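A.B. asks: Just model_26.cif, nothing more (mmCIF, C-alpha atoms and all ligand atoms):
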```cif
data_start
loop_
_atom_site.group_PDB
_atom_site.id
_atom_site.type_symbol
_atom_site.label_atom_id
_atom_site.label_comp_id
_atom_site.auth_asym_id
_atom_site.auth_seq_id
_atom_site.Cartn_x
_atom_site.Cartn_y
_atom_site.Cartn_z
ATOM 1 C CA MET A 1 39.099 -14.373 22.517
ATOM 2 C CA ALA A 2 36.159 -16.033 20.737
ATOM 3 C CA THR A 3 33.061 -13.906 20.158
ATOM 4 C CA SER A 4 30.517 -14.950 22.795
ATOM 5 C CA SER A 5 27.472 -12.966 21.683
ATOM 6 C CA VAL A 6 26.174 -11.390 18.451
ATOM 7 C CA THR A 7 23.091 -9.155 18.152
ATOM 8 C CA VAL A 8 21.303 -8.638 14.825
ATOM 9 C CA ARG A 9 18.500 -6.157 14.130
ATOM 10 C CA VAL A 10 16.097 -7.035 11.329
ATOM 11 C CA PRO A 11 13.165 -5.099 9.824
ATOM 12 C CA ALA A 12 9.590 -6.035 8.946
ATOM 13 C CA LYS A 13 8.366 -5.726 5.356
ATOM 14 C CA VAL A 14 5.321 -4.431 3.585
ATOM 15 C CA ASN A 15 4.411 -5.374 0.002
ATOM 16 C CA LEU A 16 3.739 -2.166 -1.934
ATOM 17 C CA GLN A 17 2.328 -4.382 -4.652
ATOM 18 C CA LEU A 18 1.634 -8.108 -4.498
ATOM 19 C CA SER A 19 0.633 -9.521 -7.859
ATOM 20 C CA VAL A 20 -0.239 -13.199 -7.486
ATOM 21 C CA GLY A 21 -0.180 -15.372 -10.598
ATOM 22 C CA PRO A 22 -1.323 -18.935 -11.117
ATOM 23 C CA GLY A 23 -0.613 -21.750 -8.661
ATOM 24 C CA ARG A 24 2.461 -23.867 -9.439
ATOM 25 C CA PRO A 25 2.794 -27.645 -9.294
ATOM 26 C CA ASP A 26 4.983 -27.283 -6.136
ATOM 27 C CA GLY A 27 2.090 -25.643 -4.241
ATOM 28 C CA TYR A 28 3.487 -22.096 -4.444
ATOM 29 C CA HIS A 29 2.156 -19.233 -6.563
ATOM 30 C CA GLU A 30 4.194 -17.447 -9.180
ATOM 31 C CA LEU A 31 4.255 -13.813 -8.096
ATOM 32 C CA VAL A 32 5.711 -10.406 -8.686
ATOM 33 C CA THR A 33 5.941 -8.193 -5.643
ATOM 34 C CA VAL A 34 7.533 -4.929 -4.585
ATOM 35 C CA PHE A 35 8.884 -5.348 -1.073
ATOM 36 C CA GLN A 36 9.797 -2.472 1.196
ATOM 37 C CA ALA A 37 11.641 -2.951 4.507
ATOM 38 C CA VAL A 38 10.128 -0.744 7.219
ATOM 39 C CA GLY A 39 11.470 0.411 10.568
ATOM 40 C CA LEU A 40 9.725 -2.025 12.836
ATOM 41 C CA PHE A 41 12.466 -4.298 14.131
ATOM 42 C CA ASP A 42 13.030 -7.660 15.797
ATOM 43 C CA GLU A 43 16.351 -8.278 17.512
ATOM 44 C CA VAL A 44 18.033 -11.685 17.593
ATOM 45 C CA VAL A 45 20.844 -12.362 20.075
ATOM 46 C CA ALA A 46 23.000 -15.457 19.494
ATOM 47 C CA ARG A 47 25.236 -16.553 22.413
ATOM 48 C CA SER A 48 27.743 -19.365 22.418
ATOM 49 C CA ARG A 49 27.045 -22.279 24.695
ATOM 50 C CA PRO A 50 29.499 -24.988 25.674
ATOM 51 C CA GLU A 51 27.311 -27.961 24.778
ATOM 52 C CA ILE A 52 25.932 -28.900 21.343
ATOM 53 C CA GLY A 53 22.344 -27.900 20.620
ATOM 54 C CA ILE A 54 20.068 -24.934 19.938
ATOM 55 C CA SER A 55 17.975 -23.245 22.608
ATOM 56 C CA LEU A 56 15.471 -20.497 21.904
ATOM 57 C CA THR A 57 13.627 -17.931 24.004
ATOM 58 C CA VAL A 58 11.255 -15.184 22.822
ATOM 59 C CA THR A 59 10.043 -11.954 24.432
ATOM 60 C CA GLY A 60 7.748 -9.215 23.112
ATOM 61 C CA GLU A 61 5.172 -9.809 20.349
ATOM 62 C CA GLY A 62 3.940 -13.399 20.414
ATOM 63 C CA GLU A 63 5.655 -14.203 23.708
ATOM 64 C CA GLY A 64 4.335 -17.560 24.934
ATOM 65 C CA LEU A 65 2.637 -18.265 21.586
ATOM 66 C CA LEU A 66 5.559 -19.220 19.336
ATOM 67 C CA PRO A 67 7.166 -22.670 19.155
ATOM 68 C CA LEU A 68 10.675 -22.761 20.657
ATOM 69 C CA ASP A 69 11.865 -25.839 18.770
ATOM 70 C CA ASP A 70 12.246 -26.703 15.088
ATOM 71 C CA GLY A 71 8.677 -25.454 14.579
ATOM 72 C CA ASN A 72 10.276 -21.993 14.747
ATOM 73 C CA LEU A 73 11.915 -20.718 11.550
ATOM 74 C CA ALA A 74 14.772 -19.087 13.522
ATOM 75 C CA TYR A 75 15.645 -22.451 15.111
ATOM 76 C CA ARG A 76 15.571 -24.053 11.646
ATOM 77 C CA ALA A 77 17.838 -21.302 10.287
ATOM 78 C CA ALA A 78 20.536 -22.063 12.893
ATOM 79 C CA ALA A 79 20.249 -25.818 12.210
ATOM 80 C CA LEU A 80 20.379 -25.326 8.422
ATOM 81 C CA LEU A 81 23.468 -23.085 8.537
ATOM 82 C CA ALA A 82 25.304 -25.584 10.768
ATOM 83 C CA GLU A 83 24.359 -28.470 8.491
ATOM 84 C CA HIS A 84 25.413 -26.528 5.391
ATOM 85 C CA GLN A 85 28.831 -25.854 6.945
ATOM 86 C CA GLY A 86 29.194 -29.379 8.346
ATOM 87 C CA ILE A 87 29.429 -28.303 11.983
ATOM 88 C CA GLU A 88 27.431 -29.129 15.117
ATOM 89 C CA PRO A 89 25.245 -26.182 16.161
ATOM 90 C CA ALA A 90 25.844 -24.787 19.646
ATOM 91 C CA VAL A 91 23.904 -21.614 20.304
ATOM 92 C CA GLU A 92 21.479 -19.919 22.660
ATOM 93 C CA LEU A 93 19.097 -17.767 20.623
ATOM 94 C CA HIS A 94 16.988 -15.023 22.095
ATOM 95 C CA ILE A 95 14.475 -13.061 20.003
ATOM 96 C CA ASN A 96 13.001 -9.784 21.154
ATOM 97 C CA LYS A 97 10.016 -9.253 18.871
ATOM 98 C CA ALA A 98 8.287 -6.058 17.796
ATOM 99 C CA ILE A 99 7.009 -7.435 14.455
ATOM 100 C CA PRO A 100 3.523 -8.943 14.876
ATOM 101 C CA ILE A 101 3.343 -12.727 14.508
ATOM 102 C CA ALA A 102 1.338 -14.162 11.589
ATOM 103 C CA GLY A 103 0.731 -10.522 10.639
ATOM 104 C CA GLY A 104 1.730 -10.398 6.969
ATOM 105 C CA MET A 105 4.914 -8.462 7.791
ATOM 106 C CA ALA A 106 7.318 -11.418 7.509
ATOM 107 C CA GLY A 107 8.217 -11.487 11.202
ATOM 108 C CA GLY A 108 9.149 -15.190 11.213
ATOM 109 C CA SER A 109 11.164 -14.724 8.021
ATOM 110 C CA ALA A 110 12.936 -11.727 9.571
ATOM 111 C CA ASP A 111 13.930 -13.810 12.607
ATOM 112 C CA ALA A 112 15.274 -16.571 10.343
ATOM 113 C CA ALA A 113 17.326 -14.057 8.323
ATOM 114 C CA ALA A 114 18.702 -12.464 11.498
ATOM 115 C CA THR A 115 19.582 -15.895 12.914
ATOM 116 C CA LEU A 116 21.534 -16.839 9.768
ATOM 117 C CA LEU A 117 23.568 -13.648 10.078
ATOM 118 C CA ALA A 118 24.052 -13.904 13.853
ATOM 119 C CA CYS A 119 25.120 -17.569 13.843
ATOM 120 C CA ASP A 120 27.400 -17.005 10.860
ATOM 121 C CA ALA A 121 29.237 -14.327 12.862
ATOM 122 C CA LEU A 122 29.124 -16.211 16.190
ATOM 123 C CA TRP A 123 30.550 -19.387 14.654
ATOM 124 C CA ARG A 124 33.047 -17.358 12.545
ATOM 125 C CA LEU A 125 31.968 -19.067 9.334
ATOM 126 C CA ALA A 126 32.211 -16.102 6.925
ATOM 127 C CA THR A 127 29.677 -17.808 4.648
ATOM 128 C CA PRO A 128 29.607 -15.999 1.275
ATOM 129 C CA ARG A 129 26.596 -13.714 0.812
ATOM 130 C CA GLU A 130 25.214 -15.754 -2.141
ATOM 131 C CA GLU A 131 25.252 -18.919 -0.008
ATOM 132 C CA LEU A 132 23.436 -17.137 2.835
ATOM 133 C CA MET A 133 20.847 -15.899 0.312
ATOM 134 C CA ALA A 134 20.364 -19.458 -1.020
ATOM 135 C CA LEU A 135 19.932 -20.835 2.522
ATOM 136 C CA ALA A 136 17.474 -17.995 3.186
ATOM 137 C CA ALA A 137 15.418 -18.969 0.105
ATOM 138 C CA ASP A 138 15.322 -22.600 1.322
ATOM 139 C CA LEU A 139 13.893 -21.435 4.639
ATOM 140 C CA GLY A 140 11.035 -19.369 3.136
ATOM 141 C CA SER A 141 10.010 -17.124 0.257
ATOM 142 C CA ASP A 142 10.380 -13.866 2.252
ATOM 143 C CA VAL A 143 13.641 -14.690 4.073
ATOM 144 C CA PRO A 144 16.041 -13.422 1.349
ATOM 145 C CA PHE A 145 14.336 -10.019 1.364
ATOM 146 C CA ALA A 146 14.786 -9.691 5.137
ATOM 147 C CA LEU A 147 18.557 -10.024 4.556
ATOM 148 C CA HIS A 148 18.430 -7.658 1.573
ATOM 149 C CA GLY A 149 16.239 -4.815 2.910
ATOM 150 C CA GLY A 150 15.548 -1.515 1.133
ATOM 151 C CA THR A 151 13.012 -1.716 -1.690
ATOM 152 C CA ALA A 152 13.170 -4.636 -4.119
ATOM 153 C CA ILE A 153 11.128 -6.475 -6.702
ATOM 154 C CA GLY A 154 10.607 -10.134 -5.796
ATOM 155 C CA THR A 155 9.798 -12.731 -8.467
ATOM 156 C CA GLY A 156 9.388 -16.514 -8.547
ATOM 157 C CA ARG A 157 7.807 -17.281 -5.173
ATOM 158 C CA GLY A 158 9.279 -13.965 -3.915
ATOM 159 C CA GLU A 159 12.848 -15.167 -3.352
ATOM 160 C CA ASN A 160 14.485 -13.731 -6.521
ATOM 161 C CA LEU A 161 15.291 -10.114 -5.778
ATOM 162 C CA THR A 162 16.116 -7.080 -7.895
ATOM 163 C CA PRO A 163 16.888 -3.883 -5.978
ATOM 164 C CA VAL A 164 14.803 -0.799 -6.760
ATOM 165 C CA LEU A 165 16.141 2.733 -6.426
ATOM 166 C CA SER A 166 13.927 4.704 -4.133
ATOM 167 C CA ARG A 167 13.991 8.372 -3.180
ATOM 168 C CA GLY A 168 13.401 9.646 0.356
ATOM 169 C CA SER A 169 11.344 7.970 3.052
ATOM 170 C CA PHE A 170 7.715 6.974 3.163
ATOM 171 C CA HIS A 171 5.749 7.328 6.401
ATOM 172 C CA TRP A 172 3.667 4.253 7.195
ATOM 173 C CA VAL A 173 1.033 3.471 9.794
ATOM 174 C CA PHE A 174 0.298 -0.168 10.621
ATOM 175 C CA ALA A 175 -2.877 -1.400 12.292
ATOM 176 C CA LEU A 176 -2.175 -4.673 14.140
ATOM 177 C CA ALA A 177 -4.926 -7.261 14.597
ATOM 178 C CA ASN A 178 -5.824 -9.363 17.614
ATOM 179 C CA ALA A 179 -5.191 -12.696 15.929
ATOM 180 C CA GLY A 180 -2.976 -13.684 12.990
ATOM 181 C CA LEU A 181 -3.859 -15.237 9.636
ATOM 182 C CA SER A 182 -2.187 -18.335 8.206
ATOM 183 C CA THR A 183 -0.353 -17.555 4.949
ATOM 184 C CA PRO A 184 -1.220 -20.909 3.275
ATOM 185 C CA ALA A 185 -4.884 -20.407 4.266
ATOM 186 C CA VAL A 186 -4.938 -16.942 2.639
ATOM 187 C CA TYR A 187 -3.375 -18.255 -0.600
ATOM 188 C CA ALA A 188 -5.895 -21.135 -0.592
ATOM 189 C CA GLU A 189 -8.749 -18.651 -0.132
ATOM 190 C CA CYS A 190 -7.372 -16.567 -3.022
ATOM 191 C CA ASP A 191 -7.515 -19.704 -5.230
ATOM 192 C CA ARG A 192 -11.033 -20.471 -4.016
ATOM 193 C CA LEU A 193 -12.267 -16.955 -4.822
ATOM 194 C CA ARG A 194 -10.683 -17.161 -8.285
ATOM 195 C CA GLY A 195 -12.757 -20.290 -8.823
ATOM 196 C CA GLY A 196 -10.514 -21.838 -11.476
ATOM 197 C CA ARG A 197 -10.692 -18.778 -13.786
ATOM 198 C CA ALA A 198 -7.609 -18.016 -15.898
ATOM 199 C CA VAL A 199 -5.206 -15.804 -13.941
ATOM 200 C CA PRO A 200 -3.096 -13.191 -15.754
ATOM 201 C CA GLU A 201 0.681 -13.241 -15.405
ATOM 202 C CA PRO A 202 1.824 -11.217 -12.382
ATOM 203 C CA TYR A 203 3.252 -7.750 -13.133
ATOM 204 C CA VAL A 204 4.552 -4.551 -11.518
ATOM 205 C CA SER A 205 2.619 -1.326 -12.047
ATOM 206 C CA ASP A 206 4.560 1.478 -13.807
ATOM 207 C CA MET A 207 2.784 4.059 -11.656
ATOM 208 C CA LEU A 208 4.006 2.337 -8.492
ATOM 209 C CA MET A 209 7.599 2.240 -9.736
ATOM 210 C CA GLN A 210 7.372 5.922 -10.623
ATOM 211 C CA ALA A 211 6.042 6.703 -7.123
ATOM 212 C CA VAL A 212 8.921 4.813 -5.485
ATOM 213 C CA ARG A 213 11.570 6.382 -7.711
ATOM 214 C CA ALA A 214 10.179 9.872 -7.107
ATOM 215 C CA GLY A 215 9.533 9.379 -3.372
ATOM 216 C CA ASP A 216 5.960 10.578 -4.047
ATOM 217 C CA PRO A 217 3.617 9.435 -1.243
ATOM 218 C CA MET A 218 0.482 10.706 -3.034
ATOM 219 C CA LEU A 219 1.224 8.602 -6.110
ATOM 220 C CA LEU A 220 2.289 5.641 -3.937
ATOM 221 C CA GLY A 221 -1.010 5.837 -2.047
ATOM 222 C CA LYS A 222 -2.911 5.613 -5.346
ATOM 223 C CA SER A 223 -0.868 2.709 -6.701
ATOM 224 C CA VAL A 224 -0.431 0.266 -3.774
ATOM 225 C CA HIS A 225 -2.254 -2.996 -4.476
ATOM 226 C CA ASN A 226 -2.428 -6.479 -3.000
ATOM 227 C CA ASP A 227 -4.007 -9.423 -4.847
ATOM 228 C CA LEU A 228 -4.310 -11.289 -1.499
ATOM 229 C CA GLN A 229 -6.440 -8.545 0.026
ATOM 230 C CA ALA A 230 -9.801 -9.970 -1.089
ATOM 231 C CA ALA A 231 -8.831 -13.345 0.399
ATOM 232 C CA ALA A 232 -7.704 -11.809 3.707
ATOM 233 C CA LEU A 233 -10.971 -9.798 3.866
ATOM 234 C CA SER A 234 -12.982 -12.901 3.082
ATOM 235 C CA LEU A 235 -11.356 -14.763 6.007
ATOM 236 C CA ARG A 236 -11.432 -11.686 8.302
ATOM 237 C CA PRO A 237 -14.319 -9.405 7.206
ATOM 238 C CA SER A 238 -13.660 -6.967 10.091
ATOM 239 C CA LEU A 239 -10.520 -5.760 8.251
ATOM 240 C CA ALA A 240 -12.815 -3.781 5.926
ATOM 241 C CA GLN A 241 -13.588 -1.457 8.867
ATOM 242 C CA VAL A 242 -9.887 -0.934 9.565
ATOM 243 C CA LEU A 243 -9.278 0.070 5.932
ATOM 244 C CA GLU A 244 -12.339 2.307 6.045
ATOM 245 C CA VAL A 245 -11.146 4.181 9.139
ATOM 246 C CA GLY A 246 -7.754 4.841 7.505
ATOM 247 C CA ASP A 247 -9.517 6.079 4.379
ATOM 248 C CA ASP A 248 -11.998 8.237 6.325
ATOM 249 C CA PHE A 249 -9.128 9.938 8.157
ATOM 250 C CA GLY A 250 -7.292 10.794 4.965
ATOM 251 C CA ALA A 251 -4.661 8.069 4.484
ATOM 252 C CA LEU A 252 -3.216 8.442 0.977
ATOM 253 C CA GLY A 253 -3.659 4.720 0.460
ATOM 254 C CA GLY A 254 -4.367 1.625 2.512
ATOM 255 C CA LEU A 255 -3.974 -2.092 1.970
ATOM 256 C CA VAL A 256 -3.647 -5.400 3.735
ATOM 257 C CA SER A 257 0.062 -6.137 4.277
ATOM 258 C CA GLY A 258 1.109 -9.400 2.580
ATOM 259 C CA SER A 259 -1.263 -12.174 3.645
ATOM 260 C CA GLY A 260 -2.583 -9.969 6.479
ATOM 261 C CA PRO A 261 -4.195 -9.274 8.833
ATOM 262 C CA THR A 262 -2.009 -6.185 9.483
ATOM 263 C CA CYS A 263 -3.298 -3.196 7.496
ATOM 264 C CA ALA A 264 -0.787 -0.664 6.157
ATOM 265 C CA PHE A 265 -1.468 3.010 5.398
ATOM 266 C CA VAL A 266 0.582 5.439 3.314
ATOM 267 C CA THR A 267 0.680 8.939 4.793
ATOM 268 C CA ARG A 268 2.038 12.339 3.684
ATOM 269 C CA ASP A 269 4.616 12.913 6.422
ATOM 270 C CA GLU A 270 5.374 12.306 10.095
ATOM 271 C CA GLU A 271 2.590 14.579 11.363
ATOM 272 C CA HIS A 272 -0.016 13.037 9.062
ATOM 273 C CA ALA A 273 1.102 9.567 10.184
ATOM 274 C CA LEU A 274 0.594 10.611 13.799
ATOM 275 C CA ASP A 275 -2.939 11.899 13.007
ATOM 276 C CA ILE A 276 -3.904 8.627 11.337
ATOM 277 C CA ALA A 277 -2.335 6.553 14.113
ATOM 278 C CA VAL A 278 -4.349 8.494 16.711
ATOM 279 C CA ALA A 279 -7.578 8.076 14.687
ATOM 280 C CA LEU A 280 -7.041 4.321 14.305
ATOM 281 C CA THR A 281 -6.257 3.912 18.007
ATOM 282 C CA ALA A 282 -9.331 5.922 19.030
ATOM 283 C CA SER A 283 -11.599 3.970 16.654
ATOM 284 C CA GLY A 284 -10.977 0.711 18.521
ATOM 285 C CA VAL A 285 -10.939 -1.306 15.254
ATOM 286 C CA CYS A 286 -7.470 -2.769 15.859
ATOM 287 C CA ARG A 287 -5.341 -4.160 18.704
ATOM 288 C CA SER A 288 -2.602 -1.573 18.383
ATOM 289 C CA VAL A 289 -0.992 0.839 15.961
ATOM 290 C CA ARG A 290 2.644 1.345 14.912
ATOM 291 C CA ARG A 291 4.317 4.069 12.868
ATOM 292 C CA ALA A 292 7.409 3.328 10.816
ATOM 293 C CA THR A 293 9.356 4.749 7.888
ATOM 294 C CA GLY A 294 10.644 2.849 4.899
ATOM 295 C CA PRO A 295 12.809 1.886 3.201
ATOM 296 C CA VAL A 296 15.373 0.788 5.814
ATOM 297 C CA ALA A 297 18.366 -1.565 5.561
ATOM 298 C CA GLY A 298 17.981 -5.342 5.905
ATOM 299 C CA ALA A 299 19.308 -7.535 8.741
ATOM 300 C CA ARG A 300 22.437 -5.961 10.314
ATOM 301 C CA ILE A 301 24.817 -6.891 13.120
ATOM 302 C CA VAL A 302 24.460 -4.204 15.789
ATOM 303 C CA GLY A 303 26.509 -5.684 18.610
HETATM 304 O O1 LIG B 401 7.708 -19.699 1.539
HETATM 305 P P1 LIG B 401 6.870 -19.765 2.772
HETATM 306 O O2 LIG B 401 7.155 -20.990 3.581
HETATM 307 O O3 LIG B 401 6.945 -18.513 3.600
HETATM 308 O O4 LIG B 401 5.376 -19.864 2.265
HETATM 309 C C1 LIG B 401 4.343 -20.194 3.143
HETATM 310 C C2 LIG B 401 3.146 -20.674 2.337
HETATM 311 O O5 LIG B 401 2.586 -19.577 1.603
HETATM 312 C C3 LIG B 401 3.445 -21.721 1.299
HETATM 313 O O6 LIG B 401 3.409 -23.008 1.858
HETATM 314 C C4 LIG B 401 2.312 -21.503 0.304
HETATM 315 O O7 LIG B 401 1.123 -22.085 0.760
HETATM 316 C C5 LIG B 401 2.113 -20.009 0.346
HETATM 317 N N1 LIG B 401 2.860 -19.304 -0.713
HETATM 318 C C6 LIG B 401 2.415 -19.408 -2.033
HETATM 319 N N2 LIG B 401 3.088 -18.759 -3.025
HETATM 320 C C7 LIG B 401 4.173 -17.994 -2.742
HETATM 321 C C8 LIG B 401 4.632 -17.859 -1.408
HETATM 322 C C9 LIG B 401 3.938 -18.534 -0.421
HETATM 323 O O8 LIG B 401 1.430 -20.091 -2.316
HETATM 324 N N3 LIG B 401 4.789 -17.361 -3.740
#
```
Go ahead and render the structure in this file as structure tokens.
Ligand code: C5P
C.D. replies:
Amino acid sequence: MATSSVTVRVPAKVNLQLSVGPGRPDGYHELVTVFQAVGLFDEVVARSRPEIGISLTVTGEGEGLLPLDDGNLAYRAAALLAEHQGIEPAVELHINKAIPIAGGMAGGSADAAATLLACDALWRLATPREELMALAADLGSDVPFALHGGTAIGTGRGENLTPVLSRGSFHWVFALANAGLSTPAVYAECDRLRGGRAVPEPYVSDMLMQAVRAGDPMLLGKSVHNDLQAAALSLRPSLAQVLEVGDDFGALGGLVSGSGPTCAFVTRDEEHALDIAVALTASGVCRSVRRATGPVAGARIVG
């Protein structure tokens, strides 16, 4: 009997380091980043439907706010896979979201990655992994990493991945904001703040790599860095208070996640993460708080 439903679970990401180089002629920025997949998951369910077409529903984070047509990256992922394989798409997609939208945690990219995997299984295409990764890169710079998971260095516009060996688990706390930030707007603000000055080539810090390899949260806290942080703070000055509260309550390190506005804090262990989560919640500086460990695996079929 044909498979009638496939469920894929996909994690959010945080950039342990985001080193943004000069702008490129294609409008992107050359970057070097260290991605880590963290245990905050969206779930995509793909069901067969008798008639041709793609339908999409969303519950959870961003419910009622996200486009349900080809303005949604998950919808585009299903259409792109079908086109690549020369078939007509026929699928009902449902996304249950826990990753904040426009939050700098690659939620839209995660949904696109999960949709590629779910539709590939539903339509029994057995698309080779390298082809799925290439389709993922066409959809967006962060989509390949959502398939990959773990900890990885991203180069180019973020789509070229090299896995990084990492020891143990890091305990993260994430402070979610009331409203999202647009990624292109944050990159544009970064350019504006740089004011045409020469920008050094992007790089990965040795200290950060050592922290990841050793599973050392203290060293990680000291070495996390995001070149987009100043731009996110410039567009959303209230984020400075969020970072300050994390710092005041003893987070080992804090930074804006990706293009923001989610703020991410490195903590010592589970108990310390709980303390910082409680302090952030009580402070009232953010909409809500999540705890998660990383690294975790990338998009996986779970049912
Ligand atoms: O690749 P993606 O569609 O997710 O990128 C969204 C936007 O973020 C791009 O249109 C671009 O403005 C900006 N971006 C960038 N440099 C990168 C990645 C993204 O300028 N390396």
A.B. asks: I'd like to know which of A:Leu132, A:Ile52, A:Ala110, A:Leu66 is closest to Val91 of chain A, using all atoms listed in the file.
C.D. replies: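 The closest residue to Val91 of chain A is A:Ile52.
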A.B. asks: Let me make sure I understand: among A:Leu18, A:Ala230, A:Val58, A:Leu280, which one has the smallest atom-to-atom distance to Val186 of chain A if we use all atoms listed in the file?
C.D. replies: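 Of A:Leu18, A:Ala230, A:Val58, A:Leu280, the one nearest Val186 of chain A is A:Ala230, counting all atoms listed in the file.
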A.B. asks: Which residues would end up in the selection if the PyMOL selection byres (((not hetatm)) within 7 of (chain B and resi 401)) were applied here, given that I need the answer as number ranges by chain?
C.D. replies: A: 23, 27-31, 139-142, 156-158, 183-184, 187
A.B. asks: Restricting the output to C-alpha atoms, write the selected residues as a PDB file, in the coordinates of the input.
C.D. replies:
```pdb
ATOM      1  CA  GLY A  23      -0.613 -21.750  -8.661  1.00  0.00           C
ATOM      2  CA  GLY A  27       2.090 -25.643  -4.241  1.00  0.00           C
ATOM      3  CA  TYR A  28       3.487 -22.096  -4.444  1.00  0.00           C
ATOM      4  CA  HIS A  29       2.156 -19.233  -6.563  1.00  0.00           C
ATOM      5  CA  GLU A  30       4.194 -17.447  -9.180  1.00  0.00           C
ATOM      6  CA  LEU A  31       4.255 -13.813  -8.096  1.00  0.00           C
ATOM      7  CA  LEU A 139      13.893 -21.435   4.639  1.00  0.00           C
ATOM      8  CA  GLY A 140      11.035 -19.369   3.136  1.00  0.00           C
ATOM      9  CA  SER A 141      10.010 -17.124   0.257  1.00  0.00           C
ATOM     10  CA  ASP A 142      10.380 -13.866   2.252  1.00  0.00           C
ATOM     11  CA  GLY A 156       9.388 -16.514  -8.547  1.00  0.00           C
ATOM     12  CA  ARG A 157       7.807 -17.281  -5.173  1.00  0.00           C
ATOM     13  CA  GLY A 158       9.279 -13.965  -3.915  1.00  0.00           C
ATOM     14  CA  THR A 183      -0.353 -17.555   4.949  1.00  0.00           C
ATOM     15  CA  PRO A 184      -1.220 -20.909   3.275  1.00  0.00           C
ATOM     16  CA  TYR A 187      -3.375 -18.255  -0.600  1.00  0.00           C
TER      17      TYR A 187
END
```
A.B. asks: Evaluate the PyMOL selection byres (((chain A and resi 261) around 7) and not hetatm) on the structure here and hand back the selected residues as a PyMOL selection string.
C.D. replies: chain A and resi 103-104+177+180-181+232+256-257+259-260+262-263
A.B. asks: In terms of the shortest atom-to-atom distance over only C-alpha atoms, which of A:Ile153, A:Gly108, A:Ala264, A:Pro237 is closest to Pro67 of chain A?
C.D. replies: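 Distance minimum relative to Pro67 of chain A lands on A:Gly108.
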A.B. asks: Rounded to one decimal place, report the atom CA of Arg167 of chain A-atom CA of Gly150 of chain A distance in Å.
C.D. replies: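 According to the coordinates, atom CA of Arg167 of chain A and atom CA of Gly150 of chain A are separated by 10.9 Å.
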A.B. asks: Which residues, written as a list in words, have at least one atom at most 9 Å from Val14 of chain A, with all atoms listed in the file counted and residues fewer than 3 positions away on the same chain left out?
C.D. replies: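 Answer for this query is Gln17, Val34, Phe35, Gln36, Ala37, Val38, Gly104, Met105, Ala106, Ser257, Gly258 and Ala264 of chain A.
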A.B. asks: Go through the shown structure with the PyMOL selection byres (((chain A and resi 246) around 12) and not hetatm) and write out the matching residues as number ranges by chain.
C.D. replies: A: 172-175, 221, 239-245, 247-256, 263-267, 272-283, 285-286, 289
A.B. asks: I want to know what sits within 9 Å of Glu159 of chain A, based on all atoms listed in the file, with residues of the same chain fewer than 5 positions away left out; could you give that as a PDB file with C-alpha atoms, in the coordinates of the input?
C.D. replies:
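result.pdb was written with the following content:
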```
ATOM      1  CA  MET A 133      20.847 -15.899   0.312  1.00  0.00           C
ATOM      2  CA  ALA A 134      20.364 -19.458  -1.020  1.00  0.00           C
ATOM      3  CA  ALA A 136      17.474 -17.995   3.186  1.00  0.00           C
ATOM      4  CA  ALA A 137      15.418 -18.969   0.105  1.00  0.00           C
ATOM      5  CA  GLY A 140      11.035 -19.369   3.136  1.00  0.00           C
ATOM      6  CA  SER A 141      10.010 -17.124   0.257  1.00  0.00           C
ATOM      7  CA  ASP A 142      10.380 -13.866   2.252  1.00  0.00           C
ATOM      8  CA  VAL A 143      13.641 -14.690   4.073  1.00  0.00           C
ATOM      9  CA  PRO A 144      16.041 -13.422   1.349  1.00  0.00           C
ATOM     10  CA  PHE A 145      14.336 -10.019   1.364  1.00  0.00           C
ATOM     11  CA  GLY A 154      10.607 -10.134  -5.796  1.00  0.00           C
TER      12      GLY A 154
END
```
A.B. asks: What are the closest atom pairs, with distances in Å to one decimal, for all residues of segment 200-252 of chain A lying within 12 Å of segment 292-301 of chain A? Consider all atoms listed in the file, order rows by chain and residue number, and present the result as a tab-separated table.
C.D. replies:
```
residue	atom	partner	partner_atom	distance
A:Val212	CA	A:Pro295	CA	10.0
A:Arg213	CA	A:Pro295	CA	11.9
A:Gly215	CA	A:Pro295	CA	10.5
A:Pro217	CA	A:Gly294	CA	11.4
```
A.B. asks: Starting from 3 Å padding per side, set up an axis-aligned box that covers all listed atoms of segment 45-52 of chain A and hand over centre and edge lengths in Å, one decimal, as JSON.
C.D. replies:
```
{"center_x": 25.2, "center_y": -20.6, "center_z": 22.6, "size_x": 14.7, "size_y": 22.5, "size_z": 12.2}
```
A.B. asks: Of the residues A:Val45, A:Leu176, A:Ile87, A:Leu147, which is the one nearest to Arg290 of chain A, using only C-alpha atoms?
C.D. replies: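 Among A:Val45, A:Leu176, A:Ile87, A:Leu147, it is A:Leu176 that comes nearest to Arg290 of chain A.
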